[in-house]
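The structure appears below as structure tokens.
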Amino acid sequence: MSARVRILGFGMGPQHVTPEVASALGECDYALAVQKGDEDALLDARRAVCDAHGVELVVVRDPERDRTPGLDRAGYEGAVADWYAARLAAYRAVLEERGGTCAFLVWGDPSLYDGTIRVVGELGVPFDVLPGVSAPQVLAARHAVVLHEVGQPVHVTTARRLRGDVAAGQRNLVVMLTAGVDLDGFEDWHIWWGANLGGTGERLVAGRVGDVVADIEAARVAAKAEAGWVMDLFLLRGPEA
């Protein structure tokens, strides 16, 4: 195929598009995105970016994945592999039909918990990557904090891995891919939390976990009620020894 792909991080929305990304997007013939369900906040964000820069957005429907209850590990992995192959085929069909230079717009930055680079790499087309403003950057700016203490590391992880990482000795963590806030046992830690950063329903809470966990839960509900969706993350720091 004669297509070329540009993977462009666009932060949390049009207001975070860098001049470099704006210039690259303006040189693209179209952008390509997948639609996940009838209401897709990330698709809406991509559409807003494309509209702001006068670029056509080509949308393909996300293939259905087998979600049969009770699938064993092999069945689940097979269902995911089939879904992934179907999505690749949908992308490839558009690129083969249209050719030209295509943009893949990535929420936040392509380097953090996003599979676009891997997906495009499997399409076998030339591509490049431009960075975007990441959610941890926006979180730190909103709370006016540094993500790490002087000379100390910050560990970026997921909510699913949080407890294991803490057990392994991590004391300063940016936690992403949350599906709720489970902070039992962290009452004396300090948290800087944010939801829907840079978008509708933005909420911020900070403080000692034991003092603010109820506020976080209420703010998460309010963010979802206002926007119809919620995406949150937090910085969690252990007490001084």
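So you can find residues: chains in the structure tokens are A, B, ... in the order shown, residues in each start at 1, and ligands are numbered from 1 in order.
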
Report task. Mind the document's chain letters and residue numbers, and return as number ranges by chain the residues of stretch 101-142 of chain A that DSSP labels alpha helix (DSSP H). Result -> A: 116-123, 135-142

Query raised in the report: Could you name the residues that touch stretch 231-237 of chain A at 7 Å or less, counting only C-alpha atoms, but leaving out those on the same chain fewer than 3 positions away, as a VMD selection string?
Result: chain A and resid 171 to 176 178 189 to 196

Print the selection's residues with C-alpha atoms to a file, as a JSON list (two decimals), in the first residue's frame.
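What ended up in result34.json:
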[["chain", "number", "residue", "atom", "x", "y", "z"],
["A", 171, "ARG", "CA", 6.51, 4.92, 47.47],
["A", 172, "ASN", "CA", 5.76, 7.53, 44.81],
["A", 173, "LEU", "CA", 3.44, 6.43, 42.04],
["A", 174, "VAL", "CA", 1.40, 7.84, 39.18],
["A", 175, "VAL", "CA", -1.55, 5.50, 38.82],
["A", 176, "MET", "CA", -3.38, 5.24, 35.50],
["A", 178, "THR", "CA", -8.27, 3.24, 36.97],
["A", 189, "TRP", "CA", -0.57, 8.39, 52.11],
["A", 190, "HIS", "CA", -1.01, 11.66, 50.23],
["A", 191, "ILE", "CA", -2.97, 11.75, 46.98],
["A", 192, "TRP", "CA", -3.35, 14.21, 44.12],
["A", 193, "TRP", "CA", -6.31, 13.02, 42.05],
["A", 194, "GLY", "CA", -7.91, 14.30, 38.87],
["A", 195, "ALA", "CA", -10.71, 13.28, 36.51],
["A", 196, "ASN", "CA", -11.55, 14.35, 32.95]]

Report summary line: Min atom-atom distance to A:Gln15 from the set A:Val58, A:Ala86, A:Ala45, A:Ala3, counting only C-alpha atoms, belongs to A:Ala45

Report task. Find the distance between atom CA of A:Ala179 and atom CA of A:Glu217 and write it in Å to one decimal. Result ->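 Distance reported for this atom pair: 11.5 Å.
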
Report summary line: Judged by only C-alpha atoms, the minimum distance to A:Asp82 among A:His148, A:Pro69, A:Ser23, A:Glu64 is found for A:Glu64

Contacts between stretch 99-102 of chain A and stretch 9-83 of chain A, please, where a residue of stretch 9-83 of chain A counts if it comes within 8 Å (with only C-alpha atoms); show its shortest atom pair and distance in Å to one decimal, rows by chain and ascending number, as CSV.
residue,atom,partner,partner_atom,distance
A:Glu27,CA,A:Thr101,CA,7.8
A:Cys28,CA,A:Thr101,CA,5.0
A:Asp29,CA,A:Thr101,CA,5.4
A:Tyr30,CA,A:Cys102,CA,5.3
A:Ala31,CA,A:Cys102,CA,5.3
A:Leu32,CA,A:Cys102,CA,6.7

Report task. Just the residues within 12 Å of A:Ala167, please, counting only C-alpha atoms, with nothing from its chain fewer than 5 positions along; format it as a ChimeraX atom specification. Result -> /A:161-162,185,238

Based on the selection just made, write C-alpha atoms of those residues as a short mmCIF file (atom, residue, chain, number, x, y, z; two decimals), in the first residue's frame.
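File selection35.cif, as written:
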data_model
loop_
_atom_site.label_atom_id
_atom_site.label_comp_id
_atom_site.auth_asym_id
_atom_site.auth_seq_id
_atom_site.Cartn_x
_atom_site.Cartn_y
_atom_site.Cartn_z
CA ARG A 161 -0.65 -3.28 39.66
CA LEU A 162 -0.67 -0.68 42.44
CA GLY A 185 -4.71 0.60 53.53
CA GLY A 238 3.79 7.41 50.91
#

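Closest approach to A:Leu57 among A:Phe127, A:Trp229, A:Phe10, A:Phe104: A:Phe104, based on only C-alpha atoms.
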
Query raised in the report: When you draw a straight line from atom CA of A:Leu42 to atom CA of A:Glu226, how long is it in Å?
Result: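 These two atoms are separated by 15.7 Å.
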